[in-house]
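Right, one structure below, let's go through it.
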Number of protein chains: 2
Amino acid sequence: MTRLTDTERKALVHDLPQWSLVADREALHRSFRFKSFSKAFAFMSEVALLAESMNHHPEWSNVYNRVEITLTTHDVGGLSDKDIALARAIDAVIGD
Amino acid sequence: MTRLTDTERKALVHDLPQWSLVADREALHRSFRFKSFSKAFAFMSEVALLAESMNHHPEWSNVYNRVEITLTTHDVGGLSDKDIALARAIDAVIGD
């Protein structure tokens, strides 16, 4: 697990088009909107199991049908390959 | 469902000692800390089922073993009896 270089970080915009780099910290962010709270929490449950199995956990919040996810790797003080892997896995859950 | 009066709101400090009134908005807040992400998400799953059954949903966030919950009632633009009921139900989940 190593911190991504500037070049690698900039490439994320193309590799993970649904995610954006957070302005004021080294992190990836994506917003999700569902039809209901139930659908939102079902999604969160899937992501929770994935996160636990990957031993890498999101910072996230939920308000009714909306879920906000931020990914970063505290151990390297920035973005790592673990964030990319989790972002891809989350995209797969949502069908992207 | 009606908005709590000032007197009712002030009484919450005694009725729900684990919760605090948010400074800049009419809402209740409580922080939780668990032994692991799994424990935190197990708690969130219980609260999600409760919230859905009560048709009243929290604003909440999770970072690893920490969960932050804010309760407010958008329909009344402040705190209502629904927030008190959900706060009590959450306290019961945690064993308070």
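Each chain of the structure tokens is named A, B, ... in the order shown, its residues numbered from 1; ligands are numbered from 1 in display order.
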
Compute the chain A side of the contact with chain B at 10 Å, counting only C-alpha atoms, and hand it back as a CSV table (one decimal) with all heavy atoms, in the first residue's frame.
chain,number,residue,atom,x,y,z
A,37,PHE,N,-35.0,5.4,1.3
A,37,PHE,CA,-34.0,5.1,2.3
A,37,PHE,C,-33.7,3.7,2.3
A,37,PHE,O,-32.5,3.3,2.4
A,37,PHE,CB,-34.6,5.5,3.7
A,37,PHE,CG,-33.8,5.0,4.8
A,37,PHE,CD1,-32.6,5.8,5.2
A,37,PHE,CD2,-34.1,3.9,5.6
A,37,PHE,CE1,-31.8,5.4,6.2
A,37,PHE,CE2,-33.3,3.5,6.6
A,37,PHE,CZ,-32.2,4.2,7.0
A,38,SER,N,-34.7,2.8,2.1
A,38,SER,CA,-34.4,1.4,2.0
A,38,SER,C,-33.3,1.0,1.0
A,38,SER,O,-32.4,0.2,1.2
A,38,SER,CB,-35.7,0.6,1.8
A,38,SER,OG,-36.4,0.3,2.9
A,41,PHE,N,-29.9,2.3,2.0
A,41,PHE,CA,-29.3,1.5,3.1
A,41,PHE,C,-28.9,0.1,2.6
A,41,PHE,O,-27.9,-0.5,3.0
A,41,PHE,CB,-30.1,1.4,4.3
A,41,PHE,CG,-29.2,1.1,5.5
A,41,PHE,CD1,-28.4,2.0,6.1
A,41,PHE,CD2,-29.2,-0.2,6.0
A,41,PHE,CE1,-27.6,1.7,7.2
A,41,PHE,CE2,-28.3,-0.6,7.0
A,41,PHE,CZ,-27.5,0.4,7.6
A,42,ALA,N,-29.7,-0.4,1.6
A,42,ALA,CA,-29.3,-1.7,1.0
A,42,ALA,C,-27.9,-1.6,0.3
A,42,ALA,O,-27.1,-2.5,0.4
A,42,ALA,CB,-30.4,-2.2,0.0
A,44,MET,N,-25.7,0.7,1.1
A,44,MET,CA,-24.6,0.8,2.1
A,44,MET,C,-24.3,-0.5,2.7
A,44,MET,O,-23.1,-0.8,3.1
A,44,MET,CB,-25.2,1.8,3.2
A,44,MET,CG,-25.2,3.2,2.7
A,44,MET,SD,-25.9,4.4,4.0
A,44,MET,CE,-24.4,4.5,5.1
A,45,SER,N,-25.2,-1.4,2.9
A,45,SER,CA,-24.9,-2.7,3.5
A,45,SER,C,-24.0,-3.5,2.6
A,45,SER,O,-23.1,-4.2,3.0
A,45,SER,CB,-26.2,-3.5,3.7
A,45,SER,OG,-27.1,-2.8,4.6
A,48,ALA,N,-20.6,-2.0,2.9
A,48,ALA,CA,-20.0,-2.3,4.2
A,48,ALA,C,-19.4,-3.7,4.2
A,48,ALA,O,-18.2,-3.8,4.7
A,48,ALA,CB,-21.1,-2.2,5.3
A,49,LEU,N,-20.0,-4.6,3.6
A,49,LEU,CA,-19.5,-6.0,3.5
A,49,LEU,C,-18.2,-6.0,2.6
A,49,LEU,O,-17.2,-6.6,3.0
A,49,LEU,CB,-20.5,-7.0,2.9
A,49,LEU,CG,-21.7,-7.2,3.8
A,49,LEU,CD1,-22.7,-8.1,3.1
A,49,LEU,CD2,-21.4,-7.7,5.2
A,51,ALA,N,-16.2,-3.4,2.1
A,51,ALA,CA,-15.2,-2.6,2.8
A,51,ALA,C,-14.5,-3.5,3.8
A,51,ALA,O,-13.3,-3.5,4.0
A,51,ALA,CB,-15.8,-1.4,3.4
A,52,GLU,N,-15.3,-4.2,4.6
A,52,GLU,CA,-14.8,-5.1,5.6
A,52,GLU,C,-13.9,-6.2,5.0
A,52,GLU,O,-12.8,-6.5,5.5
A,52,GLU,CB,-15.9,-5.7,6.4
A,52,GLU,CG,-15.5,-6.4,7.7
A,52,GLU,CD,-14.9,-5.6,8.7
A,52,GLU,OE1,-14.8,-4.3,8.6
A,52,GLU,OE2,-14.4,-6.1,9.7
A,55,ASN,N,-10.7,-4.8,4.0
A,55,ASN,CA,-10.1,-4.1,5.1
A,55,ASN,C,-9.7,-2.7,4.8
A,55,ASN,O,-8.6,-2.2,5.1
A,55,ASN,CB,-8.8,-4.9,5.5
A,55,ASN,CG,-8.3,-4.4,6.9
A,55,ASN,OD1,-9.1,-3.9,7.7
A,55,ASN,ND2,-7.0,-4.5,7.1
A,56,HIS,N,-10.7,-2.0,4.1
A,56,HIS,CA,-10.5,-0.6,3.8
A,56,HIS,C,-11.9,0.0,3.9
A,56,HIS,O,-12.8,-0.5,3.2
A,56,HIS,CB,-9.9,-0.4,2.4
A,56,HIS,CG,-9.5,1.0,2.1
A,56,HIS,ND1,-8.7,1.7,3.0
A,56,HIS,CD2,-9.8,1.8,1.1
A,56,HIS,CE1,-8.5,2.9,2.4
A,56,HIS,NE2,-9.2,3.0,1.3
A,57,HIS,N,-12.1,1.1,4.7
A,57,HIS,CA,-13.4,1.6,5.0
A,57,HIS,C,-13.7,3.0,4.5
A,57,HIS,O,-12.8,3.8,4.6
A,57,HIS,CB,-13.7,1.4,6.5
A,57,HIS,CG,-13.4,0.0,7.0
A,57,HIS,ND1,-12.2,-0.4,7.3
A,57,HIS,CD2,-14.3,-1.0,7.2
A,57,HIS,CE1,-12.3,-1.7,7.7
A,57,HIS,NE2,-13.6,-2.1,7.6
A,58,PRO,N,-14.9,3.3,4.1
A,58,PRO,CA,-15.2,4.6,3.6
A,58,PRO,C,-15.5,5.6,4.7
A,58,PRO,O,-15.8,5.2,5.8
A,58,PRO,CB,-16.4,4.4,2.7
A,58,PRO,CG,-17.1,3.3,3.4
A,58,PRO,CD,-16.0,2.4,3.9
A,59,GLU,N,-15.3,6.9,4.4
A,59,GLU,CA,-16.0,7.9,5.2
A,59,GLU,C,-17.3,8.2,4.5
A,59,GLU,O,-17.3,8.5,3.3
A,59,GLU,CB,-15.1,9.2,5.3
A,59,GLU,CG,-13.8,9.0,5.9
A,59,GLU,CD,-12.9,10.3,5.8
A,59,GLU,OE1,-13.5,11.3,5.6
A,59,GLU,OE2,-11.7,10.1,6.1
A,60,TRP,N,-18.4,8.0,5.2
A,60,TRP,CA,-19.7,8.2,4.4
A,60,TRP,C,-20.8,8.7,5.3
A,60,TRP,O,-20.7,8.6,6.5
A,60,TRP,CB,-20.1,6.9,3.7
A,60,TRP,CG,-20.1,5.7,4.6
A,60,TRP,CD1,-19.8,5.5,5.9
A,60,TRP,CD2,-20.6,4.4,4.1
A,60,TRP,NE1,-20.0,4.2,6.3
A,60,TRP,CE2,-20.5,3.5,5.2
A,60,TRP,CE3,-21.1,3.9,2.9
A,60,TRP,CZ2,-20.8,2.1,5.1
A,60,TRP,CZ3,-21.4,2.5,2.8
A,60,TRP,CH2,-21.3,1.7,3.9
A,61,SER,N,-21.8,9.3,4.6
A,61,SER,CA,-22.9,9.9,5.3
A,61,SER,C,-24.2,9.5,4.5
A,61,SER,O,-24.1,9.3,3.3
A,61,SER,CB,-22.8,11.4,5.5
A,61,SER,OG,-22.7,12.0,4.3
A,62,ASN,N,-25.3,9.5,5.2
A,62,ASN,CA,-26.6,9.2,4.5
A,62,ASN,C,-27.6,10.2,5.1
A,62,ASN,O,-27.7,10.4,6.3
A,62,ASN,CB,-26.9,7.8,4.8
A,62,ASN,CG,-28.4,7.5,4.7
A,62,ASN,OD1,-29.1,7.1,5.6
A,62,ASN,ND2,-28.9,7.6,3.5
A,63,VAL,N,-28.4,10.8,4.2
A,63,VAL,CA,-29.6,11.5,4.6
A,63,VAL,C,-30.7,11.0,3.7
A,63,VAL,O,-30.6,11.2,2.4
A,63,VAL,CB,-29.4,13.0,4.4
A,63,VAL,CG1,-30.7,13.8,4.8
A,63,VAL,CG2,-28.3,13.5,5.3
A,64,TYR,N,-31.6,10.3,4.2
A,64,TYR,CA,-32.7,9.7,3.5
A,64,TYR,C,-32.3,8.9,2.3
A,64,TYR,O,-31.7,7.8,2.5
A,64,TYR,CB,-33.8,10.7,3.2
A,64,TYR,CG,-35.1,10.0,2.8
A,64,TYR,CD1,-35.7,9.1,3.7
A,64,TYR,CD2,-35.7,10.1,1.6
A,64,TYR,CE1,-36.9,8.4,3.4
A,64,TYR,CE2,-36.9,9.4,1.2
A,64,TYR,CZ,-37.4,8.6,2.1
A,64,TYR,OH,-38.6,7.9,1.8
A,65,ASN,N,-32.5,9.4,1.1
A,65,ASN,CA,-32.2,8.6,-0.1
A,65,ASN,C,-30.8,8.9,-0.7
A,65,ASN,O,-30.4,8.5,-1.8
A,65,ASN,CB,-33.2,8.7,-1.2
A,65,ASN,CG,-33.3,10.2,-1.7
A,65,ASN,OD1,-32.9,11.1,-1.0
A,65,ASN,ND2,-33.8,10.3,-2.9
A,66,ARG,N,-30.0,9.8,0.0
A,66,ARG,CA,-28.7,10.2,-0.5
A,66,ARG,C,-27.6,9.6,0.3
A,66,ARG,O,-27.7,9.5,1.5
A,66,ARG,CB,-28.6,11.7,-0.5
A,66,ARG,CG,-29.5,12.3,-1.6
A,66,ARG,CD,-29.4,13.8,-1.6
A,66,ARG,NE,-30.1,14.4,-0.4
A,66,ARG,CZ,-29.6,15.2,0.5
A,66,ARG,NH1,-28.3,15.5,0.4
A,66,ARG,NH2,-30.2,15.6,1.5
A,67,VAL,N,-26.5,9.2,-0.4
A,67,VAL,CA,-25.3,8.7,0.3
A,67,VAL,C,-24.1,9.4,-0.3
A,67,VAL,O,-24.0,9.6,-1.5
A,67,VAL,CB,-25.2,7.1,0.0
A,67,VAL,CG1,-23.9,6.6,0.7
A,67,VAL,CG2,-26.4,6.4,0.6
A,68,GLU,N,-23.3,9.9,0.6
A,68,GLU,CA,-22.0,10.6,0.1
A,68,GLU,C,-20.9,9.7,0.6
A,68,GLU,O,-20.8,9.4,1.8
A,68,GLU,CB,-21.9,11.9,0.8
A,68,GLU,CG,-23.1,12.9,0.6
A,68,GLU,CD,-23.1,13.5,-0.8
A,68,GLU,OE1,-22.0,13.6,-1.4
A,68,GLU,OE2,-24.2,13.8,-1.3
A,69,ILE,N,-20.0,9.4,-0.3
A,69,ILE,CA,-18.8,8.5,0.1
A,69,ILE,C,-17.5,9.3,-0.2
A,69,ILE,O,-17.3,9.8,-1.4
A,69,ILE,CB,-18.8,7.2,-0.7
A,69,ILE,CG1,-20.1,6.4,-0.3
A,69,ILE,CG2,-17.6,6.3,-0.3
A,69,ILE,CD1,-20.2,5.0,-0.9
A,70,THR,N,-16.6,9.3,0.7
A,70,THR,CA,-15.3,9.8,0.5
A,70,THR,C,-14.3,8.7,0.8
A,70,THR,O,-14.4,8.0,1.8
A,70,THR,CB,-15.1,11.0,1.5
A,70,THR,OG1,-16.0,12.0,1.2
A,70,THR,CG2,-13.7,11.6,1.3

Please provide the set of residues having any atom within 8 Å of B:Leu79, restricted to only C-alpha atoms, with same-chain residues fewer than 3 positions apart removed, written as a VMD selection string.
chain B and resid 3 to 4 9 26 to 28 71 to 73 76 82 to 83

Just to be explicit: take each residue in the selection above, keep N, CA and C atoms, and write the result as a short mmCIF file (atom, residue, chain, number, x, y, z; two decimals), in the first residue's frame.
data_model
loop_
_atom_site.label_atom_id
_atom_site.label_comp_id
_atom_site.auth_asym_id
_atom_site.auth_seq_id
_atom_site.Cartn_x
_atom_site.Cartn_y
_atom_site.Cartn_z
N ARG B 3 -44.02 20.68 15.92
CA ARG B 3 -42.73 21.18 16.35
C ARG B 3 -42.73 21.39 17.86
N LEU B 4 -41.65 20.97 18.51
CA LEU B 4 -41.54 21.15 19.95
C LEU B 4 -41.49 22.63 20.30
N ARG B 9 -38.24 21.72 24.18
CA ARG B 9 -36.89 21.51 23.66
C ARG B 9 -35.86 21.58 24.79
N GLU B 26 -31.91 23.49 14.77
CA GLU B 26 -32.80 22.81 15.71
C GLU B 26 -32.71 21.31 15.48
N ALA B 27 -31.82 20.66 16.20
CA ALA B 27 -31.57 19.24 15.98
C ALA B 27 -30.90 18.64 17.21
N LEU B 28 -31.01 17.32 17.33
CA LEU B 28 -30.36 16.57 18.39
C LEU B 28 -29.17 15.82 17.82
N LEU B 71 -30.60 14.19 14.55
CA LEU B 71 -32.05 14.01 14.36
C LEU B 71 -32.73 15.36 14.25
N THR B 72 -33.57 15.49 13.25
CA THR B 72 -34.40 16.68 13.08
C THR B 72 -35.57 16.29 12.20
N THR B 73 -36.61 17.11 12.18
CA THR B 73 -37.79 16.78 11.39
C THR B 73 -37.99 17.86 10.32
N VAL B 76 -41.36 19.80 9.86
CA VAL B 76 -41.78 20.87 10.76
C VAL B 76 -40.69 21.94 10.91
N LYS B 82 -41.28 12.91 16.85
CA LYS B 82 -40.64 11.82 16.10
C LYS B 82 -39.15 11.71 16.41
N ASP B 83 -38.51 12.86 16.61
CA ASP B 83 -37.08 12.85 16.94
C ASP B 83 -36.86 12.27 18.34
#

For a test of reading the model, state the distance in Å between atom CA of A:Arg88 and atom CA of A:Glu46, rounded to one decimal.
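Separation of atom CA of A:Arg88 and atom CA of A:Glu46: 13.4 Å.
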
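In terms of minimum interatomic distance to A:Ile90, A:Gln18 ranks closest within A:His74, A:Lys10, A:Arg25, A:Gln18, counting only C-alpha atoms.
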
I need the helix (DSSP H, G or I) residues of chain A per DSSP on the backbone, written as JSON, numbers by chain.
{"A": [6, 7, 8, 9, 10, 11, 12, 13, 14, 15, 37, 38, 39, 40, 41, 42, 43, 44, 45, 46, 47, 48, 49, 50, 51, 52, 53, 54, 74, 75, 76, 81, 82, 83, 84, 85, 86, 87, 88, 89, 90, 91, 92, 93, 94]}

Grab the atom CA of B:Phe43 to atom CA of B:Ser31 distance for me, in Å with one decimal place.
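Taking atom CA of B:Phe43 and atom CA of B:Ser31, their separation equals 12.4 Å.
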
May I have all residues of chain A that DSSP, computed from the backbone, assigns to strand (DSSP E), given as JSON, numbers by chain?
{"A": [20, 21, 28, 29, 30, 31, 32, 33, 59, 60, 61, 62, 63, 66, 67, 68, 69, 70, 71]}

Residue among A:Ala40, A:Asp75, A:Leu16, A:Lys35 lying closest to A:Ala87, counting only C-alpha atoms:
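Ranked by minimum distance to A:Ala87, first place goes to A:Leu16.
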